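Source file target.txt; content: compact mmCIF, C-alpha atoms.
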# COMPACT_ATOMS: atom_id res chain seq x y z
CA MET A 17 0.00 0.00 0.00
CA SER A 18 1.17 3.49 -0.80
CA LEU A 19 1.49 6.28 1.77
CA TYR A 20 -1.61 7.89 0.23
CA GLU A 21 -3.65 4.70 0.78
CA TRP A 22 -2.49 4.38 4.40
CA LEU A 23 -3.28 8.02 5.10
CA LEU A 24 -6.71 7.71 3.45
CA PHE A 25 -7.53 4.50 5.35
CA PHE A 26 -6.66 5.95 8.76
CA HIS A 27 -8.31 9.29 7.89
CA VAL A 28 -11.58 7.53 7.05
CA LEU A 29 -11.24 5.23 10.09
CA ALA A 30 -10.78 8.31 12.28
CA ALA A 31 -13.90 9.84 10.70
CA PHE A 32 -15.85 6.72 11.69
CA LEU A 33 -14.57 7.01 15.29
CA PHE A 34 -15.57 10.69 15.27
CA VAL A 35 -19.14 9.71 14.31
CA VAL A 36 -19.24 6.93 16.94
CA GLY A 37 -18.38 9.62 19.49
CA LEU A 38 -21.07 11.91 18.09
CA VAL A 39 -23.75 9.21 18.27
CA ALA A 40 -22.66 8.30 21.82
CA TYR A 41 -23.06 11.97 22.78
CA GLY A 42 -26.46 11.88 21.07
CA VAL A 43 -27.63 8.94 23.16
CA LEU A 44 -26.31 10.62 26.33
CA VAL A 45 -28.18 13.84 25.58
CA LEU A 46 -31.39 12.50 24.06
CA ALA A 47 -32.05 9.06 25.56
CA GLY A 48 -31.82 9.87 29.24
CA GLY A 49 -30.93 6.96 31.48
CA GLY A 50 -29.11 9.10 34.03
CA VAL A 51 -26.00 7.92 35.83
CA ALA A 52 -26.09 4.44 34.31
CA VAL A 53 -25.85 5.69 30.73
CA ARG A 54 -23.28 8.33 31.65
CA ARG A 55 -21.07 5.65 33.21
CA ALA A 56 -21.41 3.33 30.23
CA LEU A 57 -21.21 5.83 27.37
CA GLY A 58 -19.45 8.89 28.78
CA PRO A 59 -15.85 7.66 28.42
CA ALA A 60 -16.57 6.25 24.95
CA ALA A 61 -18.18 9.50 23.79
CA ILE A 62 -15.29 11.66 25.01
CA GLY A 63 -12.51 9.30 23.94
CA LEU A 64 -13.80 8.45 20.48
CA TRP A 65 -14.87 12.00 19.66
CA ASN A 66 -11.46 13.36 20.68
CA ALA A 67 -9.34 10.60 19.13
CA GLY A 68 -11.40 10.60 15.93
CA GLY A 69 -11.34 14.38 15.73
CA ILE A 70 -7.56 14.63 16.14
CA GLY A 71 -7.05 11.77 13.68
CA VAL A 72 -9.33 13.32 11.07
CA LEU A 73 -7.55 16.68 11.30
CA VAL A 74 -3.93 15.44 11.39
CA LEU A 75 -4.38 12.76 8.72
CA GLY A 76 -6.48 15.12 6.60
CA ILE A 77 -3.63 17.66 6.63
CA GLY A 78 -1.26 14.81 5.79
CA LEU A 79 -3.42 13.91 2.78
CA ALA A 80 -3.57 17.54 1.64
CA LEU A 81 0.24 17.67 1.72
CA GLU A 82 0.64 14.27 0.04
CA VAL A 83 -1.74 14.73 -2.89
CA ASP A 84 -0.59 17.02 -5.71
CA ALA A 85 -4.11 18.13 -6.57
CA TYR A 86 -4.87 19.39 -3.04
CA ALA A 87 -3.52 22.39 -1.16
CA LEU A 88 -4.17 23.36 2.46
CA TRP A 89 -5.63 26.69 1.31
CA ASP A 90 -8.20 25.09 -1.04
CA GLY A 91 -11.66 26.40 -0.17
CA TRP A 92 -13.13 22.99 0.63
CA ILE A 93 -10.21 22.14 2.93
CA LEU A 94 -10.43 25.48 4.76
CA ALA A 95 -14.21 24.95 5.07
CA ALA A 96 -13.56 21.51 6.56
CA ILE A 97 -11.16 22.96 9.14
CA VAL A 98 -13.71 25.64 10.11
CA LEU A 99 -16.47 23.01 10.44
CA TRP A 100 -14.12 20.85 12.53
CA LEU A 101 -13.47 23.81 14.84
CA VAL A 102 -17.20 24.54 15.16
CA ALA A 103 -17.98 20.89 16.02
CA SER A 104 -15.10 20.73 18.51
CA ALA A 105 -16.12 24.00 20.18
CA ALA A 106 -19.66 22.69 20.65
CA ALA A 107 -18.42 19.38 22.07
CA GLY A 108 -16.21 21.09 24.66
CA PRO A 109 -18.91 21.98 27.23
CA LEU A 110 -20.59 18.58 26.86
CA GLY A 111 -17.31 16.73 27.41
CA ARG A 112 -16.35 18.91 30.37
CA GLY A 113 -19.67 18.21 32.05
CA LEU A 114 -19.19 14.45 31.62
CA ARG A 115 -15.56 14.46 32.75
CA SER A 116 -16.15 16.46 35.89
CA GLY A 117 -18.93 14.15 36.99
CA GLY A 118 -20.82 17.24 38.03
CA ALA A 119 -24.05 18.57 36.63
CA PRO A 120 -24.21 18.32 32.82
CA PRO A 121 -25.34 21.36 30.84
CA ASP A 122 -29.10 21.83 31.15
CA ALA A 123 -31.17 19.79 28.70
CA GLY A 124 -31.96 22.65 26.32
CA ARG A 125 -28.34 23.80 26.06
CA ALA A 126 -27.10 20.21 25.70
CA ARG A 127 -29.53 19.64 22.81
CA LEU A 128 -28.40 22.87 21.15
CA LEU A 129 -24.72 21.88 21.45
CA LEU A 130 -25.48 18.41 20.11
CA ALA A 131 -27.38 19.90 17.15
CA VAL A 132 -24.39 22.14 16.32
CA MET A 133 -22.04 19.12 16.53
CA ALA A 134 -24.33 17.02 14.32
CA LEU A 135 -24.87 19.74 11.71
CA ALA A 136 -21.17 20.62 11.53
CA THR A 137 -20.21 16.95 11.23
CA THR A 138 -22.80 16.35 8.50
CA ALA A 139 -21.60 19.42 6.60
CA LEU A 140 -18.02 18.16 7.04
CA LEU A 141 -18.94 14.80 5.55
CA ILE A 142 -20.71 16.44 2.58
CA ASP A 143 -17.70 18.72 2.07
CA MET A 144 -15.31 15.74 2.08
CA ILE A 145 -17.36 13.82 -0.48
CA VAL A 146 -18.34 16.65 -2.83
CA LYS A 147 -15.02 18.56 -2.49
CA PRO A 148 -16.51 21.75 -3.97
CA GLY A 149 -13.99 23.54 -6.15
CA ALA A 150 -11.48 20.66 -6.15
CA MET B 29 3.35 12.91 -4.00
CA MET B 30 0.19 11.48 -5.36
CA VAL B 31 -2.46 12.52 -7.84
CA ALA B 32 -5.95 12.00 -6.37
CA ALA B 33 -8.51 10.07 -8.36
CA ILE B 34 -11.20 12.33 -9.78
CA ARG B 35 -14.71 11.04 -9.08
CA PRO B 36 -17.67 11.90 -11.37
CA ASP B 37 -20.18 14.25 -9.70
CA ALA B 38 -22.98 11.72 -10.31
CA TRP B 39 -21.37 9.42 -7.73
CA ASN B 40 -21.46 11.97 -4.92
CA LEU B 41 -25.03 11.42 -3.70
CA PRO B 42 -24.95 7.61 -3.70
CA LEU B 43 -21.52 7.72 -2.04
CA LEU B 44 -22.86 10.11 0.60
CA VAL B 45 -25.81 7.79 1.29
CA HIS B 46 -23.50 4.76 1.49
CA VAL B 47 -20.91 6.41 3.77
CA THR B 48 -23.56 8.00 6.00
CA GLY B 49 -25.27 4.63 6.45
CA ALA B 50 -21.94 2.91 7.14
CA MET B 51 -20.94 5.52 9.71
CA LEU B 52 -24.28 5.30 11.50
CA LEU B 53 -24.09 1.49 11.39
CA VAL B 54 -20.64 1.45 13.01
CA ALA B 55 -21.67 4.16 15.48
CA SER B 56 -24.83 2.28 16.51
CA LEU B 57 -22.83 -0.92 16.93
CA GLY B 58 -20.31 0.93 19.09
CA VAL B 59 -23.12 2.27 21.27
CA VAL B 60 -24.70 -1.19 21.60
CA LEU B 61 -21.31 -2.63 22.55
CA ALA B 62 -20.64 0.05 25.20
CA LEU B 63 -24.13 -0.22 26.71
CA MET B 64 -24.17 -4.01 26.84
CA ALA B 65 -20.63 -4.17 28.23
CA GLY B 66 -21.72 -1.61 30.82
CA SER B 67 -24.72 -3.73 31.79
CA LEU B 68 -22.45 -6.74 32.31
CA ARG B 69 -20.05 -4.68 34.41
CA TRP B 70 -22.52 -2.71 36.51
CA GLY B 71 -25.32 -5.11 37.29
CA GLU B 72 -27.26 -2.52 39.28
CA HIS B 73 -27.86 -0.63 36.02
CA ALA B 74 -28.56 -3.71 33.89
CA GLU B 75 -32.25 -3.02 33.28
CA VAL B 76 -31.68 0.49 31.92
CA LEU B 77 -28.58 -0.38 29.90
CA THR B 78 -29.84 -3.59 28.27
CA GLY B 79 -33.12 -1.88 27.34
CA LEU B 80 -31.26 0.96 25.72
CA ALA B 81 -28.84 -1.43 23.97
CA PHE B 82 -31.80 -3.28 22.45
CA ARG B 83 -33.40 -0.02 21.29
CA ALA B 84 -30.09 1.15 19.80
CA SER B 85 -29.81 -2.13 17.93
CA LEU B 86 -33.39 -1.97 16.65
CA VAL B 87 -33.65 1.69 15.68
CA GLY B 88 -29.94 2.30 15.01
CA VAL B 89 -28.08 -0.72 13.66
CA LEU B 90 -30.74 -2.26 11.43
CA PRO B 91 -32.00 0.95 9.71
CA ALA B 92 -28.39 2.16 9.24
CA TYR B 93 -27.57 -1.18 7.63
CA VAL B 94 -30.41 -0.68 5.12
CA VAL B 95 -29.14 2.83 4.24
CA MET B 96 -25.54 1.59 3.89
CA ARG B 97 -26.53 -1.39 1.73
CA ALA B 98 -28.92 0.63 -0.47
CA GLY B 99 -26.17 3.22 -0.99
CA ALA B 100 -23.73 0.44 -1.89
CA GLU B 101 -26.07 -0.94 -4.55
CA TRP B 102 -26.78 2.55 -5.86
CA ILE B 103 -23.15 3.55 -6.31
CA ALA B 104 -22.19 0.12 -7.67
CA SER B 105 -24.86 0.52 -10.36
CA GLU B 106 -23.71 4.08 -11.15
CA ALA B 107 -20.04 3.21 -11.32
CA ALA B 108 -20.22 -0.21 -13.03
CA TRP B 109 -16.91 -1.34 -11.48
CA GLY B 110 -17.58 -5.00 -12.17
CA GLU B 111 -16.48 -7.31 -9.36
CA PRO B 112 -12.98 -6.44 -8.15
CA ALA B 113 -11.76 -7.97 -4.88
CA TRP B 114 -12.48 -4.88 -2.78
CA ILE B 115 -16.16 -4.88 -3.77
CA GLY B 116 -16.31 -8.60 -2.95
CA ILE B 117 -14.89 -7.86 0.52
CA GLY B 118 -17.53 -5.16 0.97
CA PHE B 119 -20.42 -7.42 0.00
CA VAL B 120 -19.19 -10.34 2.13
CA THR B 121 -18.80 -8.17 5.24
CA ALA B 122 -22.11 -6.42 4.58
CA ASP B 123 -24.15 -9.58 4.00
CA GLY B 124 -22.46 -11.53 6.79
CA GLY B 125 -22.86 -8.50 9.02
CA LEU B 126 -26.62 -8.41 8.44
CA LEU B 127 -27.00 -11.96 9.72
CA LEU B 128 -24.89 -11.18 12.79
CA ALA B 129 -26.78 -7.90 13.37
CA ILE B 130 -30.14 -9.69 13.33
CA ILE B 131 -28.85 -12.35 15.73
CA ALA B 132 -27.39 -9.65 18.01
CA THR B 133 -30.69 -7.74 18.00
CA VAL B 134 -32.65 -10.85 19.00
CA LEU B 135 -30.11 -11.60 21.75
CA ALA B 136 -30.27 -7.97 22.93
CA TRP B 137 -34.07 -8.33 23.16
CA ARG B 138 -33.66 -11.49 25.22
CA ALA B 139 -31.13 -9.74 27.47
CA ALA B 140 -33.48 -6.77 27.88
CA ARG B 141 -36.33 -9.09 28.86
CA ARG B 142 -34.24 -10.36 31.79
CA GLY B 143 -34.43 -6.85 33.21
CA ALA B 144 -32.76 -6.37 36.57
CA HIS B 145 -31.51 -10.00 36.58
CA GLY B 146 -28.73 -8.91 34.21
CA PRO B 147 -28.06 -9.75 30.58
CA ALA B 148 -26.09 -12.97 31.34
CA GLY B 149 -25.04 -15.09 28.34
CA ALA B 150 -27.18 -13.18 25.85
CA GLY B 151 -25.44 -9.96 26.82
CA ARG B 152 -21.99 -11.52 26.50
CA ALA B 153 -22.96 -12.86 23.07
CA VAL B 154 -24.11 -9.38 21.97
CA VAL B 155 -20.76 -7.95 23.08
CA GLY B 156 -18.88 -10.67 21.19
CA LEU B 157 -20.94 -10.30 18.02
CA SER B 158 -20.56 -6.52 18.13
CA ILE B 159 -16.78 -6.82 18.35
CA VAL B 160 -16.72 -9.29 15.44
CA MET B 161 -18.86 -6.93 13.32
CA LEU B 162 -16.74 -3.89 14.17
CA VAL B 163 -13.54 -5.73 13.20
CA ALA B 164 -15.18 -6.89 9.95
CA TYR B 165 -16.29 -3.34 9.16
CA ALA B 166 -12.76 -2.05 9.83
CA VAL B 167 -11.58 -4.54 7.19
CA ALA B 168 -14.35 -3.30 4.86
CA ILE B 169 -13.24 0.33 5.41
CA TRP B 170 -9.69 -0.72 4.52
CA ALA B 171 -10.97 -2.45 1.37
CA MET B 172 -13.08 0.56 0.36
CA THR B 173 -10.19 3.01 0.80
CA ALA B 174 -7.20 0.96 -0.39
CA LYS B 175 -9.18 -0.86 -3.10
CA PRO B 176 -6.85 -3.89 -3.35
CA ALA B 177 -6.71 -5.61 -6.76
Can I see the file as structure tokens?
Amino acid sequence: MSLYEWLLFFHVLAAFLFVVGLVAYGVLVLAGGGVAVRRALGPAAIGLWNAGGIGVLVLGIGLALEVDAYALWDGWILAAIVLWLVASAAAGPLGRGLRSGGAPPDAGRARLLLAVMALATTALLIDMIVKPGA
Amino acid sequence: MMVAAIRPDAWNLPLLVHVTGAMLLVASLGVVLALMAGSLRWGEHAEVLTGLAFRASLVGVLPAYVVMRAGAEWIASEAAWGEPAWIGIGFVTADGGLLLAIIATVLAWRAARRGAHGPAGAGRAVVGLSIVMLVAYAVAIWAMTAKPA
């Protein structure tokens, strides 16, 4: 396998982990279940979202540097980085609430943060597939 | 340095459907795995966690599988790749995965019915099947990205 294929494989794998983290956050926020669900899903949500997010970003930059046709300043790559930052910023308060073991953000705010994470991640996926302007 | 393959625009929507379904499938499986493993570990929460694991399997894993598989058929018909090895790997993991997903959902239902008594063997089987499916889907992701042969 070439370096490009390895980078692409781990980039896509990281994207899957990112979405597992997102869905775990979704269950935590929307399904209720209290302490039991927080104990079972909290570490997975935080760990997979963070590991997947870092992997997507680092390996995505690696791909942009490796592939002749891409440049870091391409519009669709800059858009992806902005969407990644938006999703990460929204996840911060949710993750902090879970890590501290204290009171999570109130239900309305948690739903809003989750919606921002989900919309940014969906837009990121569309951007990666359509690659507008590439 | 590498020149990226250029994909026709007509493939974007079916690819988006396929990838979205696959991501939701893997995500739902991950949630089922974490919840069922949690119910085995913390017996005092077994009723809540097994019930939620069953619901995640029923309304997450199975519908996501349908979206992933429909997207796969759609893009395969658009692209007319024939039958290279990497598509074969995808179909084998997808079709085998469906059987395992159905079995895991039935077992999750049985575990949920045990309520506060804990998921017992059915729960352990769901955890095992989920791990097998996740490993198989990691292989499928490798096949879809590296496209061997």
Residue neighbourhood Gly118 (chain B), 12 Å, all atoms listed in the file, exclusion window fewer than 3 positions, as a PyMOL selection string: chain B and resi 46+50+96-97+100-101+104+111-115+121-125+164-173+175-176
Chain B contacts on chain A, only C-alpha atoms, 9 Å, as an MDAnalysis selection string: chainID A and resid 17:22 24:26 28:29 31:40 43 47 49 51:53 55:57 60 81:86 138 141:142 145:146
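Excluding Leu130 (chain A) and any residue on its chain fewer than 5 positions from it, the residues at most 8 Å away by all atoms listed in the file are A:Tyr41, A:Gly42, A:Val45, A:Ala106, A:Ala107.
For the pair CA of Val132 (chain A) and CA of Ala103 (chain A), the separation is 6.5 Å.
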